[in-house]
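Okay, start.cif is below, mmCIF, C-alpha atoms and all ligand atoms:
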```cif
data_my_file
loop_
_atom_site.label_atom_id
_atom_site.label_comp_id
_atom_site.auth_asym_id
_atom_site.auth_seq_id
_atom_site.Cartn_x
_atom_site.Cartn_y
_atom_site.Cartn_z
CA MET A 26 127.38 76.90 162.62
CA LYS A 27 128.86 74.08 164.70
CA ARG A 28 132.14 72.78 163.32
CA THR A 29 133.43 69.31 164.11
CA THR A 30 135.62 69.58 167.11
CA TRP A 31 137.98 66.86 168.25
CA SER A 32 138.84 68.55 171.54
CA ASN A 33 136.21 66.58 173.46
CA LYS A 34 137.78 63.29 172.30
CA GLU A 35 140.32 61.17 174.07
CA ALA A 36 142.49 58.44 172.56
CA VAL A 37 144.94 55.95 173.97
CA LEU A 38 147.88 55.57 171.60
CA GLY A 39 149.46 52.20 172.29
CA VAL A 40 152.96 51.95 170.84
CA THR A 41 154.51 48.50 170.67
CA GLY A 42 158.01 47.33 169.84
CA SER A 43 158.22 47.45 166.05
CA ILE A 44 160.97 49.44 164.30
CA ALA A 45 158.11 51.61 163.00
CA ALA A 46 157.50 52.88 166.57
CA TYR A 47 159.04 56.23 165.64
CA LYS A 48 156.20 56.77 163.15
CA ALA A 49 153.78 56.84 166.11
CA CYS A 50 155.27 60.25 166.99
CA GLU A 51 153.68 61.69 163.84
CA LEU A 52 150.34 60.16 164.77
CA ALA A 53 150.58 61.53 168.30
CA SER A 54 151.41 64.92 166.88
CA ARG A 55 148.61 65.04 164.31
CA LEU A 56 145.97 63.82 166.78
CA THR A 57 147.12 66.35 169.37
CA GLU A 58 147.13 69.14 166.77
CA LEU A 59 143.46 68.38 166.05
CA GLY A 60 142.69 68.74 169.75
CA VAL A 61 142.38 65.06 170.70
CA LYS A 62 143.71 64.30 174.19
CA VAL A 63 146.26 61.53 173.62
CA THR A 64 147.50 59.22 176.36
CA PRO A 65 150.68 57.59 175.02
CA VAL A 66 151.34 54.07 176.26
CA LEU A 67 154.65 52.41 175.46
CA THR A 68 155.32 48.72 175.93
CA GLU A 69 158.69 47.80 177.36
CA SER A 70 160.20 47.10 173.96
CA ALA A 71 158.67 50.23 172.39
CA ALA A 72 160.38 52.30 175.09
CA GLN A 73 163.70 50.78 173.95
CA LEU A 74 163.07 52.15 170.46
CA VAL A 75 161.58 55.61 171.15
CA GLY A 76 161.83 57.58 174.36
CA PRO A 77 158.67 58.33 176.34
CA ALA A 78 159.90 61.93 176.55
CA SER A 79 159.22 62.34 172.81
CA PHE A 80 155.57 61.37 173.28
CA GLU A 81 155.23 63.50 176.39
CA GLY A 82 156.65 66.51 174.57
CA ILE A 83 154.30 65.99 171.63
CA THR A 84 151.09 65.23 173.55
CA GLY A 85 151.60 67.19 176.75
CA GLN A 86 150.46 64.04 178.60
CA ARG A 87 152.49 61.72 180.75
CA ALA A 88 153.47 58.55 178.86
CA VAL A 89 152.61 55.26 180.52
CA THR A 90 155.55 52.86 180.41
CA GLY A 91 154.87 50.35 183.17
CA MET A 92 152.13 48.78 185.22
CA PHE A 93 153.64 49.51 188.58
CA GLU A 94 155.26 52.88 188.10
CA PRO A 95 154.34 55.30 190.91
CA LEU A 96 151.09 56.94 189.90
CA GLN A 97 151.91 60.63 189.84
CA ASN A 98 148.66 61.19 188.09
CA PRO A 99 145.58 59.19 189.08
CA GLU A 100 144.04 60.27 185.73
CA ILE A 101 146.03 57.59 183.92
CA GLU A 102 145.04 54.77 186.23
CA HIS A 103 144.23 52.07 183.70
CA ILE A 104 140.57 51.46 184.47
CA ALA A 105 139.88 55.20 184.43
CA VAL A 106 141.53 55.60 181.02
CA ALA A 107 139.86 52.46 179.67
CA THR A 108 136.45 53.85 180.62
CA ARG A 109 137.04 57.39 179.38
CA ALA A 110 138.76 56.74 176.05
CA ASP A 111 136.87 57.17 172.78
CA LEU A 112 139.41 55.05 170.92
CA PHE A 113 142.29 52.67 171.52
CA LEU A 114 144.76 53.01 168.67
CA ILE A 115 147.62 50.53 168.66
CA ALA A 116 150.19 51.73 166.12
CA PRO A 117 152.46 50.03 165.38
CA ALA A 118 150.93 46.75 166.54
CA THR A 119 153.36 43.84 166.79
CA ALA A 120 152.53 40.13 166.41
CA ASN A 121 153.00 39.98 170.19
CA VAL A 122 150.30 42.53 171.10
CA LEU A 123 147.87 40.89 168.63
CA ALA A 124 148.51 37.49 170.20
CA LYS A 125 148.05 38.86 173.71
CA ALA A 126 144.84 40.70 172.80
CA ALA A 127 143.44 37.67 170.94
CA HIS A 128 144.02 35.45 173.97
CA GLY A 129 142.95 37.95 176.60
CA MET A 130 146.31 38.15 178.30
CA ALA A 131 146.83 40.98 180.74
CA ASN A 132 150.46 41.11 181.72
CA ASP A 133 151.27 44.77 181.12
CA TRP A 134 149.45 48.12 181.18
CA LEU A 135 148.39 48.06 177.53
CA SER A 136 147.09 44.47 177.39
CA THR A 137 145.27 44.93 180.71
CA THR A 138 143.62 48.15 179.58
CA LEU A 139 142.67 46.60 176.23
CA LEU A 140 140.59 44.08 178.19
CA ALA A 141 139.06 46.74 180.39
CA THR A 142 137.96 49.10 177.64
CA ARG A 143 134.71 49.04 175.65
CA ALA A 144 135.93 51.76 173.27
CA PRO A 145 136.61 50.89 169.62
CA ILE A 146 140.04 49.33 169.14
CA LEU A 147 142.10 49.97 166.01
CA PHE A 148 145.26 48.01 165.26
CA ALA A 149 147.82 49.13 162.66
CA PRO A 150 150.04 46.05 162.36
CA ALA A 151 153.75 46.31 161.50
CA MET A 152 156.06 43.31 161.48
CA ASN A 153 158.22 41.07 159.31
CA THR A 154 156.30 39.49 156.39
CA ASN A 155 156.74 35.93 157.64
CA MET A 156 155.49 36.93 161.07
CA TYR A 157 152.49 38.68 159.54
CA THR A 158 151.57 35.84 157.19
CA HIS A 159 152.17 33.16 159.85
CA PRO A 160 148.95 31.20 160.49
CA ALA A 161 149.15 32.07 164.21
CA THR A 162 149.13 35.82 163.51
CA GLN A 163 146.44 35.47 160.85
CA ALA A 164 144.28 33.44 163.26
CA ASN A 165 144.75 36.09 165.96
CA ILE A 166 143.74 38.83 163.53
CA ALA A 167 140.66 36.83 162.49
CA THR A 168 139.70 36.34 166.17
CA LEU A 169 140.10 40.04 166.92
CA ARG A 170 138.15 41.06 163.83
CA ALA A 171 135.35 38.69 164.78
CA ARG A 172 135.20 40.43 168.17
CA GLY A 173 134.76 43.79 166.47
CA CYS A 174 138.32 45.11 166.54
CA HIS A 175 139.32 47.25 163.56
CA PHE A 176 142.46 46.96 161.43
CA VAL A 177 144.20 49.36 159.08
CA GLY A 178 147.05 48.06 156.92
CA PRO A 179 149.66 46.71 156.86
CA ASP A 180 151.07 47.94 153.61
CA ASN A 181 153.20 46.05 151.16
CA GLY A 182 156.72 47.31 150.79
CA ARG A 183 160.30 47.25 151.89
CA LEU A 184 160.62 46.34 155.55
CA ALA A 185 163.32 47.16 158.07
CA CYS A 186 164.50 43.53 157.84
CA LYS A 187 165.24 44.21 154.12
CA THR A 188 162.53 41.89 152.83
CA VAL A 189 159.72 43.12 150.61
CA GLY A 190 156.13 42.10 151.31
CA PRO A 191 153.16 42.80 153.57
CA GLY A 192 154.00 43.99 157.06
CA ARG A 193 154.94 47.64 156.61
CA LEU A 194 153.08 50.11 158.82
CA ILE A 195 150.51 51.81 156.61
CA ASP A 196 150.89 55.56 156.02
CA PRO A 197 150.20 57.49 159.27
CA GLY A 198 147.81 59.79 157.36
CA ILE A 199 145.62 56.76 156.59
CA ILE A 200 145.81 55.57 160.20
CA LEU A 201 144.79 59.04 161.36
CA GLU A 202 141.77 59.16 159.04
CA THR A 203 140.63 55.71 160.11
CA ALA A 204 140.98 56.72 163.77
CA LEU A 205 138.94 59.88 163.22
CA ILE A 206 136.17 57.94 161.47
CA LEU A 207 135.97 55.60 164.48
CA MET A 208 135.89 58.49 166.97
CA HIS A 209 133.32 60.60 165.09
CA SER A 210 130.06 60.24 166.97
CA LYS A 211 127.57 61.64 164.43
CA LYS A 212 126.68 58.78 162.07
CA ASP A 213 123.65 60.28 160.36
CA LEU A 214 124.70 58.88 156.95
CA ALA A 215 125.10 55.30 158.17
CA GLY A 216 123.79 52.83 155.61
CA LYS A 217 123.71 55.50 152.87
CA ARG A 218 125.66 55.39 149.61
CA VAL A 219 127.22 58.69 148.61
CA LEU A 220 128.55 59.21 145.08
CA ILE A 221 130.84 62.17 144.45
CA THR A 222 132.49 63.53 141.30
CA SER A 223 135.76 65.29 141.98
CA GLY A 224 138.73 66.91 140.26
CA GLY A 225 138.90 68.20 136.70
CA THR A 226 138.82 66.54 133.31
CA HIS A 227 141.35 66.30 130.50
CA GLU A 228 139.91 66.59 127.02
CA PRO A 229 142.52 65.36 124.54
CA MET A 230 143.25 67.07 121.24
CA ASP A 231 146.18 64.87 120.19
CA PRO A 232 148.16 62.08 121.87
CA VAL A 233 150.09 64.53 124.09
CA ARG A 234 147.91 67.62 124.59
CA TYR A 235 144.61 68.22 126.31
CA ILE A 236 142.30 70.99 127.46
CA GLY A 237 142.09 70.91 131.25
CA ASN A 238 141.36 73.11 134.24
CA ARG A 239 142.85 74.02 137.59
CA SER A 240 140.67 71.83 139.83
CA SER A 241 142.74 70.43 142.71
CA GLY A 242 140.15 67.88 143.89
CA LYS A 243 140.38 69.28 147.45
CA MET A 244 136.65 70.00 147.65
CA GLY A 245 135.83 66.46 146.49
CA ARG A 246 138.28 65.06 149.00
CA ALA A 247 136.73 67.07 151.86
CA LEU A 248 133.26 65.87 150.84
CA ALA A 249 134.38 62.24 150.67
CA PHE A 250 136.00 62.39 154.11
CA GLU A 251 133.03 64.13 155.72
CA ALA A 252 130.67 61.46 154.31
CA LEU A 253 132.96 58.71 155.65
CA LEU A 254 133.09 60.38 159.09
CA ARG A 255 129.29 60.32 159.15
CA GLY A 256 129.10 56.64 158.33
CA ALA A 257 128.31 56.61 154.60
CA SER A 258 129.85 54.27 152.08
CA VAL A 259 131.52 56.54 149.57
CA SER A 260 132.37 56.20 145.88
CA VAL A 261 134.28 58.93 144.12
CA VAL A 262 134.55 59.29 140.36
CA SER A 263 137.73 61.32 140.19
CA GLY A 264 139.13 63.18 137.24
CA PRO A 265 142.83 64.05 137.09
CA CYS A 266 143.82 66.16 140.10
CA GLU A 267 146.47 66.43 142.82
CA ALA A 268 144.31 65.49 145.84
CA GLU A 269 144.34 61.87 146.94
CA MET A 270 141.04 60.48 148.10
CA PRO A 271 140.62 59.16 151.64
CA HIS A 272 141.58 55.51 152.07
CA GLY A 273 138.01 54.46 152.94
CA ALA A 274 136.52 55.75 149.67
CA ASP A 275 136.09 53.59 146.62
CA VAL A 276 137.74 55.55 143.79
CA ILE A 277 136.95 55.21 140.09
CA HIS A 278 139.28 57.16 137.82
CA ALA A 279 138.01 58.98 134.76
CA GLU A 280 140.01 61.13 132.40
CA THR A 281 137.41 62.87 130.24
CA ALA A 282 133.89 64.20 130.82
CA ARG A 283 132.47 61.34 128.78
CA GLU A 284 134.34 58.73 130.84
CA MET A 285 133.11 60.45 134.00
CA ALA A 286 129.54 60.42 132.68
CA VAL A 287 129.74 56.65 131.99
CA ALA A 288 131.12 55.92 135.48
CA VAL A 289 128.43 58.08 137.13
CA ALA A 290 125.67 56.42 135.10
CA GLU A 291 126.81 53.03 136.43
CA GLN A 292 126.91 54.16 140.06
CA LEU A 293 123.93 56.50 140.20
CA PRO A 294 121.09 53.98 140.50
CA SER A 295 122.42 52.68 143.83
CA ALA A 296 123.40 56.10 145.25
CA ASP A 297 121.26 57.77 147.92
CA VAL A 298 123.19 61.01 147.47
CA PHE A 299 125.01 62.39 144.43
CA VAL A 300 127.36 65.34 144.85
CA ALA A 301 128.74 66.80 141.63
CA ALA A 302 131.87 68.61 142.76
CA ALA A 303 134.00 67.95 139.67
CA ALA A 304 134.98 70.77 137.38
CA VAL A 305 133.87 69.07 134.20
CA ALA A 306 134.89 70.54 130.84
CA ASP A 307 131.78 71.78 129.10
CA TYR A 308 133.44 71.27 125.70
CA ARG A 309 135.96 68.90 124.12
CA PRO A 310 137.97 69.11 120.89
CA ALA A 311 135.73 67.71 118.16
CA GLU A 312 138.59 65.90 116.50
CA LEU A 313 141.31 63.90 118.13
CA SER A 314 144.32 64.09 115.88
CA ALA A 315 146.08 60.73 115.58
CA GLY A 316 149.57 62.27 115.54
CA LYS A 317 150.97 65.22 117.49
CA ARG A 318 149.78 68.46 115.89
CA LYS A 319 152.64 70.32 114.23
CA ARG A 320 153.36 74.02 114.29
CA THR A 321 152.09 75.55 111.03
CA GLY A 322 153.45 79.10 111.33
CA GLU A 323 149.87 80.35 111.35
CA ALA A 324 146.98 80.62 113.79
CA ILE A 325 144.97 77.45 114.04
CA SER A 326 141.45 76.92 115.27
CA ILE A 327 140.06 73.95 117.08
CA THR A 328 136.38 73.15 116.89
CA LEU A 329 134.90 72.19 120.26
CA GLU A 330 131.78 70.16 120.78
CA GLU A 331 129.62 69.99 123.85
CA ASN A 332 130.20 67.42 126.59
CA PRO A 333 127.36 65.72 128.46
CA ASP A 334 126.21 67.62 131.55
CA ILE A 335 126.54 64.93 134.22
CA LEU A 336 124.71 66.83 136.94
CA ALA A 337 121.81 67.78 134.68
CA GLY A 338 121.59 64.15 133.53
CA ALA A 339 121.40 62.95 137.14
CA GLY A 340 118.86 65.67 137.97
CA SER A 341 116.57 64.62 135.13
CA GLN A 342 116.56 60.97 136.25
CA ARG A 343 116.45 61.60 139.99
CA ARG A 344 114.46 58.98 141.81
CA ASP A 345 112.33 59.63 144.88
CA GLY A 346 114.37 60.10 148.03
CA GLN A 347 117.65 60.61 146.16
CA VAL A 348 119.41 63.88 147.05
CA ILE A 349 121.43 65.68 144.38
CA VAL A 350 123.95 68.41 145.13
CA GLY A 351 125.70 70.63 142.59
CA PHE A 352 128.42 73.22 142.70
CA ALA A 353 128.61 76.43 140.69
CA ALA A 354 131.88 78.28 140.41
CA GLU A 355 131.17 81.79 139.23
CA THR A 356 133.25 84.88 138.67
CA SER A 357 130.25 87.21 139.23
CA ASP A 358 126.63 87.11 140.49
CA ALA A 359 127.32 83.79 142.25
CA VAL A 360 123.92 83.60 143.99
CA ALA A 361 121.78 84.48 140.96
CA GLU A 362 123.83 82.23 138.66
CA GLY A 363 123.77 79.47 141.28
CA ARG A 364 119.99 79.65 141.59
CA ARG A 365 119.59 79.43 137.81
CA LYS A 366 121.87 76.37 137.72
CA LEU A 367 120.11 74.67 140.60
CA GLU A 368 116.81 74.93 138.76
CA ARG A 369 118.13 74.11 135.28
CA LYS A 370 120.07 71.04 136.44
CA GLY A 371 117.45 69.66 138.81
CA ALA A 372 119.61 69.75 141.96
CA GLN A 373 118.07 70.09 145.43
CA ILE A 374 121.10 71.72 146.98
CA LEU A 375 123.80 73.82 145.35
CA VAL A 376 126.96 75.46 146.62
CA ALA A 377 127.59 78.66 144.69
CA ASN A 378 131.10 79.94 145.06
CA ARG A 379 133.07 82.85 143.80
CA VAL A 380 136.21 82.02 141.84
CA GLY A 381 138.88 84.38 140.65
CA ALA A 382 139.66 86.01 144.02
CA ALA A 383 143.06 85.19 145.56
CA GLY A 384 143.07 82.49 148.28
CA SER A 385 139.59 81.20 147.46
CA GLY A 386 138.26 78.64 145.00
CA PHE A 387 140.33 76.37 142.74
CA GLY A 388 143.38 74.94 144.48
CA ALA A 389 142.83 76.99 147.67
CA GLU A 390 141.86 75.70 151.11
CA GLN A 391 138.87 78.02 151.28
CA LEU A 392 135.79 78.98 149.34
CA GLU A 393 133.68 82.10 149.33
CA ALA A 394 130.39 80.33 149.23
CA TRP A 395 126.60 80.38 149.48
CA LEU A 396 124.42 77.36 150.18
CA LEU A 397 121.25 77.37 148.09
CA ASP A 398 118.39 74.93 147.95
CA ASP A 399 115.21 74.31 146.00
CA SER A 400 113.04 75.70 148.79
CA GLY A 401 114.58 79.14 148.28
CA ARG A 402 117.23 78.96 150.98
CA ALA A 403 120.33 81.08 150.27
CA ASP A 404 122.74 81.05 153.20
CA GLU A 405 125.84 83.17 152.91
CA LEU A 406 128.65 81.02 154.35
CA GLY A 407 131.32 83.69 153.86
CA ARG A 408 134.91 82.61 153.33
CA VAL A 409 135.02 79.09 154.69
CA ARG A 410 137.33 76.11 154.67
CA LYS A 411 136.46 73.30 152.29
CA ASP A 412 135.90 70.87 155.17
CA THR A 413 133.36 73.28 156.67
CA VAL A 414 131.56 73.51 153.30
CA ALA A 415 131.48 69.70 153.24
CA GLN A 416 129.94 69.63 156.72
CA MET A 417 127.25 72.13 155.78
CA VAL A 418 126.46 70.24 152.58
CA PHE A 419 125.92 66.96 154.44
CA ASP A 420 123.96 68.72 157.21
CA ALA A 421 121.58 69.91 154.49
CA VAL A 422 121.61 66.49 152.81
CA ALA A 423 120.87 64.62 156.05
CA GLU A 424 117.78 66.79 156.65
CA ARG A 425 116.35 65.55 153.35
CA LEU A 426 117.18 61.87 153.51
CA PRO A 427 114.27 59.59 154.25
O1 LIG A 501 127.44 74.61 134.25
P1 LIG A 501 128.54 74.50 135.22
O2 LIG A 501 129.72 73.74 134.66
O3 LIG A 501 129.00 75.78 135.81
O4 LIG A 501 127.89 73.66 136.40
C1 LIG A 501 128.60 73.26 137.51
C2 LIG A 501 127.98 72.05 138.13
O5 LIG A 501 127.62 71.09 137.15
C3 LIG A 501 128.96 71.31 139.03
O6 LIG A 501 128.22 70.66 140.04
C4 LIG A 501 129.61 70.33 138.07
O7 LIG A 501 130.18 69.22 138.75
C5 LIG A 501 128.45 69.95 137.20
N1 LIG A 501 128.80 69.64 135.81
C6 LIG A 501 128.62 68.35 135.34
N2 LIG A 501 128.87 68.06 134.03
C7 LIG A 501 129.30 69.00 133.18
C8 LIG A 501 129.48 70.30 133.65
C9 LIG A 501 129.22 70.60 134.95
O8 LIG A 501 128.24 67.48 136.13
N3 LIG A 501 129.56 68.68 131.92
#
```
Before we go any further, please render this structure as C-alpha cells.
Ligand code: C5P
Amino acid sequence: MKRTTWSNKEAVLGVTGSIAAYKACELASRLTELGVKVTPVLTESAAQLVGPASFEGITGQRAVTGMFEPLQNPEIEHIAVATRADLFLIAPATANVLAKAAHGMANDWLSTTLLATRAPILFAPAMNTNMYTHPATQANIATLRARGCHFVGPDNGRLACKTVGPGRLIDPGIILETALILMHSKKDLAGKRVLITSGGTHEPMDPVRYIGNRSSGKMGRALAFEALLRGASVSVVSGPCEAEMPHGADVIHAETAREMAVAVAEQLPSADVFVAAAAVADYRPAELSAGKRKRTGEAISITLEENPDILAGAGSQRRDGQVIVGFAAETSDAVAEGRRKLERKGAQILVANRVGAAGSGFGAEQLEAWLLDDSGRADELGRVRKDTVAQMVFDAVAERLP
C-alpha cells in the first residue's frame, strides 16, 4: 500500500512584513513535519519582525533574506527554486506583496521569484481592514485571481491595530490544508461530487437529554480531506461531534438521524460518490417529552422506535455509475458482519472495523479494519490510521468511477 508522502514536495514559504509573520513559524513547522522541503524567504520588513534563524531552525534550510546576499548555497538561486518548487505560499501576504505581484514588479528576491515560477501560488493575506478593503488592494486581488493565483482568508476578527474586521491571517491549519490540496498531484476525483455523512447523532428524549454515541467524526474528517486532496468537491452532512471539517468542504449540520436522512436525500441525486461514515442511531425515543423528565423514585422505561437507515436508503436508489461506501463497526466477526451489511444495504464498498479494543475505533486515530467489496474482495488492512483508511477507500472508489 502506497501512502501519501509529502517528502518529494518542495515549497517556498514567502513571509512578508505583517505583524502575523510570527504565525508563519507554525506553518513552516507543520509543513516540515510532514516532510515537505521548505525554503523560507523573508522580505526586508518580515526580517524585522521575526528572525531568519527561527525559520532556519524549524526548516533546516537556509532562509533567503536578500537578493544580493553571498550565495553560500547555489540551491537557493532564485530561478532554480522557482523551477523546482511545487508551491509558492505567501503567508502572511501584505498589501505590498499583492500590489507588486499584480503589477509584475521584481525588486526583491520574493517578487522576482514569483514572476519566474510556474508553480501554483497561494496568498494568505493579513493586513489592516482599511488596507484590505481599499479598492487598490481589491483590484490587485482580482487581477491575481484572474491569473490563476489562489487565496485563503483573510479572516474577520480583532487585528493588531485594535480594529475589528476582515484582514486577520486565517488559521494556519486552514492555510496548511489549502497548501496541501494545491501540492497533491493525484487528482483522480476531479470534477466528482463526494457526499459524506460523519459524526454521531443525538436523539432527544426531553428538552435537555438525548441518546448519543461516542463518534468523534475523525473518520469523516479524514475522508473529506482525502477527497479534497484528490480534487473532488465535497459535502459533509455532519452530526454532533468534536472533529471540525476541512475548510474546503461544504458542511451541513444535522442533529438527529431523521435530519441527517433529509439532508442526504437532498444531496444524493447530484453525488457521484456517497460515503456513509456517520454513526447513526438505529433507534430514537418514541416520545419527546415537552418538559424535563422528573425523577420518579422508580425505574422508568423509554420506548424506542426505529430510525431510517440512510445507507440502505441510498443503496436502494443507487443510480448507474454512483459509488456507495458504508462502514460497519463491529465488536465481533467484523468481516462476516460487514459482508452481510454490504449486501443488505446495497453498498459497493464497505469498511468493516473492530470496535471495543483500546486505541482503535471510536475517538481513536486508528482503526482495525478490512476493506470489502461487492465482488468478494476482503482485504485485511490491519491496524491503520484513519487517513490511510480514507486513501484506500478512495483508491477503491476511483477504480469504479466511470
Ligand atoms: O447497521 P449499522 O448501523 O451497523 O450500519 C453501519 C453503516 O450504515 C454505516 O455506514 C452507517 O453510516 C450507516 N447507517 C446509516 N443509517 C442508519 C444506521 C447506519 O446510514 N440509521
- Query: Could you pull the residues within 9 Å of A:Val259, counting only C-alpha atoms, minus those fewer than 4 positions along the same chain, as a ChimeraX atom specification?
  - Reply: /A:217-221,249-250,252-253,273-276
- Within 6 Å of ligand LIG 501 (chain A), which residues show up when you count all atoms listed in the file? List them as a count of residues only, please. 16
- Anything within 12 Å of (137.1, 60.2, 142.8): list those residues as a PyMOL selection string, counting only C-alpha atoms and sticking to the file's coordinates. chain A and resi 219-226+241-250+259-280+285+288-289+300-303
- For each of A:Ile374, A:Ile349, A:Met208, A:Ala88, take the minimum atom-to-atom distance to A:Met417, counting only C-alpha atoms, then give the residue where this is smallest. A:Ile374
- Message: Taking (121.6, 55.5, 140.5) as a centre in this file's frame and 10 Å as the limit, can you find every polymer residue with an atom that close, using only C-alpha atoms, and give them as an NGL selection string?
- Response: :A and (218 or 220 or 289-299 or 339 or 342-344 or 347)
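What separates atom CA of A:Lys366 from atom CA of A:Ser341 is a distance of 13.1 Å.
Candidate residues A:Ala107, A:Leu169, A:Ala415, A:Leu56 were compared for distance to A:Gly129, and the nearest is A:Leu169, using all atoms listed in the file.
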- What lies within 9 Å of A:Thr142 using all atoms listed in the file, ignoring chain neighbours under 5 positions off, as number ranges by chain? A: 104, 106-110, 113, 137
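Shortest atom-to-atom contact with A:Lys125 among A:Thr41, A:Ser54, A:Asn33, A:Asn181: A:Thr41, counting all atoms listed in the file.
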